[in-house]
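All remarks here apply to the structure that follows.
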Amino acid sequence: MSDSAHGFPVDGEEVAAGVQTEPALAQNETTETERLDGVVVQTRADLGGQDAETIEQALRSRLSDAGIAMDDDEIAALARDLAG
């Protein structure tokens, strides 16, 4: 059965059809170190060449989104490193 307004499968049809119903990352457990590495790589790619203050603001948001707790000094040091 499909939701006629949107065409989305309903009532377990997605399981029978083999449809992915959750984000791929939610299916794989990661360590905090792996998540931190991902945040660093993505921040470097997105904000390379930016000043440390801009990078620090982005890091704070991204670390929070990833559920990674770091103290202020560690975040500031990481931002300086990424700013080069």
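Ligands are numbered from 1 in the order shown, residues from 1 within each chain, and chains are lettered A, B, ... in the order they appear in the structure tokens.
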Close residues, Leu59 (chain A) itself excluded, 9 Å, only C-alpha atoms, min 2 positions apart in chain, as number ranges by chain: A: 39-40, 43, 54-57, 61-64, 75, 78-79
Please produce a file of the residues just selected, as a PDB file, in the first residue's frame, where the atoms kept are N, CA, C and O atoms.
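Final file, again12.pdb:
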```pdb
ATOM      1  N   VAL A  39      34.632  14.758  11.510  1.00  0.00           N
ATOM      2  CA  VAL A  39      34.377  16.194  11.686  1.00  0.00           C
ATOM      3  C   VAL A  39      35.595  16.995  11.233  1.00  0.00           C
ATOM      4  O   VAL A  39      35.464  17.998  10.530  1.00  0.00           O
ATOM      5  N   VAL A  40      36.792  16.548  11.617  1.00  0.00           N
ATOM      6  CA  VAL A  40      38.018  17.260  11.249  1.00  0.00           C
ATOM      7  C   VAL A  40      38.207  17.266   9.733  1.00  0.00           C
ATOM      8  O   VAL A  40      38.467  18.317   9.136  1.00  0.00           O
ATOM      9  N   THR A  43      35.531  19.516   8.128  1.00  0.00           N
ATOM     10  CA  THR A  43      35.764  20.926   8.430  1.00  0.00           C
ATOM     11  C   THR A  43      36.942  21.451   7.619  1.00  0.00           C
ATOM     12  O   THR A  43      36.887  22.555   7.068  1.00  0.00           O
ATOM     13  N   THR A  54      36.481  31.488  12.725  1.00  0.00           N
ATOM     14  CA  THR A  54      35.422  30.923  11.878  1.00  0.00           C
ATOM     15  C   THR A  54      35.401  29.409  12.002  1.00  0.00           C
ATOM     16  O   THR A  54      34.339  28.788  12.145  1.00  0.00           O
ATOM     17  N   ILE A  55      36.582  28.805  11.972  1.00  0.00           N
ATOM     18  CA  ILE A  55      36.687  27.351  12.082  1.00  0.00           C
ATOM     19  C   ILE A  55      36.215  26.891  13.454  1.00  0.00           C
ATOM     20  O   ILE A  55      35.503  25.882  13.575  1.00  0.00           O
ATOM     21  N   GLU A  56      36.571  27.618  14.496  1.00  0.00           N
ATOM     22  CA  GLU A  56      36.158  27.242  15.849  1.00  0.00           C
ATOM     23  C   GLU A  56      34.635  27.244  15.981  1.00  0.00           C
ATOM     24  O   GLU A  56      34.052  26.332  16.577  1.00  0.00           O
ATOM     25  N   GLN A  57      33.978  28.242  15.423  1.00  0.00           N
ATOM     26  CA  GLN A  57      32.512  28.294  15.490  1.00  0.00           C
ATOM     27  C   GLN A  57      31.903  27.081  14.790  1.00  0.00           C
ATOM     28  O   GLN A  57      30.962  26.460  15.301  1.00  0.00           O
ATOM     29  N   SER A  61      29.700  23.692  16.538  1.00  0.00           N
ATOM     30  CA  SER A  61      28.417  23.216  16.047  1.00  0.00           C
ATOM     31  C   SER A  61      28.501  21.763  15.585  1.00  0.00           C
ATOM     32  O   SER A  61      27.658  20.929  15.945  1.00  0.00           O
ATOM     33  N   ARG A  62      29.526  21.447  14.828  1.00  0.00           N
ATOM     34  CA  ARG A  62      29.658  20.102  14.283  1.00  0.00           C
ATOM     35  C   ARG A  62      29.949  19.072  15.369  1.00  0.00           C
ATOM     36  O   ARG A  62      29.441  17.949  15.307  1.00  0.00           O
ATOM     37  N   LEU A  63      30.767  19.437  16.334  1.00  0.00           N
ATOM     38  CA  LEU A  63      31.050  18.520  17.436  1.00  0.00           C
ATOM     39  C   LEU A  63      29.787  18.252  18.242  1.00  0.00           C
ATOM     40  O   LEU A  63      29.517  17.113  18.641  1.00  0.00           O
ATOM     41  N   SER A  64      29.010  19.290  18.484  1.00  0.00           N
ATOM     42  CA  SER A  64      27.752  19.127  19.204  1.00  0.00           C
ATOM     43  C   SER A  64      26.806  18.215  18.429  1.00  0.00           C
ATOM     44  O   SER A  64      26.209  17.297  18.996  1.00  0.00           O
ATOM     45  N   ILE A  75      39.079  22.603  21.640  1.00  0.00           N
ATOM     46  CA  ILE A  75      38.432  23.076  20.430  1.00  0.00           C
ATOM     47  C   ILE A  75      39.222  24.233  19.827  1.00  0.00           C
ATOM     48  O   ILE A  75      39.454  24.270  18.606  1.00  0.00           O
ATOM     49  N   LEU A  78      42.383  22.881  18.203  1.00  0.00           N
ATOM     50  CA  LEU A  78      42.063  22.191  16.955  1.00  0.00           C
ATOM     51  C   LEU A  78      41.754  23.194  15.853  1.00  0.00           C
ATOM     52  O   LEU A  78      42.208  23.046  14.720  1.00  0.00           O
ATOM     53  N   ALA A  79      41.010  24.244  16.193  1.00  0.00           N
ATOM     54  CA  ALA A  79      40.696  25.282  15.207  1.00  0.00           C
ATOM     55  C   ALA A  79      41.967  25.961  14.714  1.00  0.00           C
ATOM     56  O   ALA A  79      42.118  26.221  13.508  1.00  0.00           O
TER      57      ALA A  79
END
```
Find the spatial neighbours of Arg80 (chain A), counting only C-alpha atoms, within a cut-off of 9 Å - ignore same-chain residues fewer than 3 positions away - and output them as a list in words. Asp51, Ala52, Glu53, Ile55, Glu56, Ile75, Ala76, Ala77, Ala83 and Gly84 of chain A
Just the number, please: distance in Å from CA of Ala69 (chain A) to CA of Leu82 (chain A), one decimal. 18.3 Å
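Coordinates place CA of Thr33 (chain A) at a distance of 9.1 Å from CA of Ile68 (chain A).
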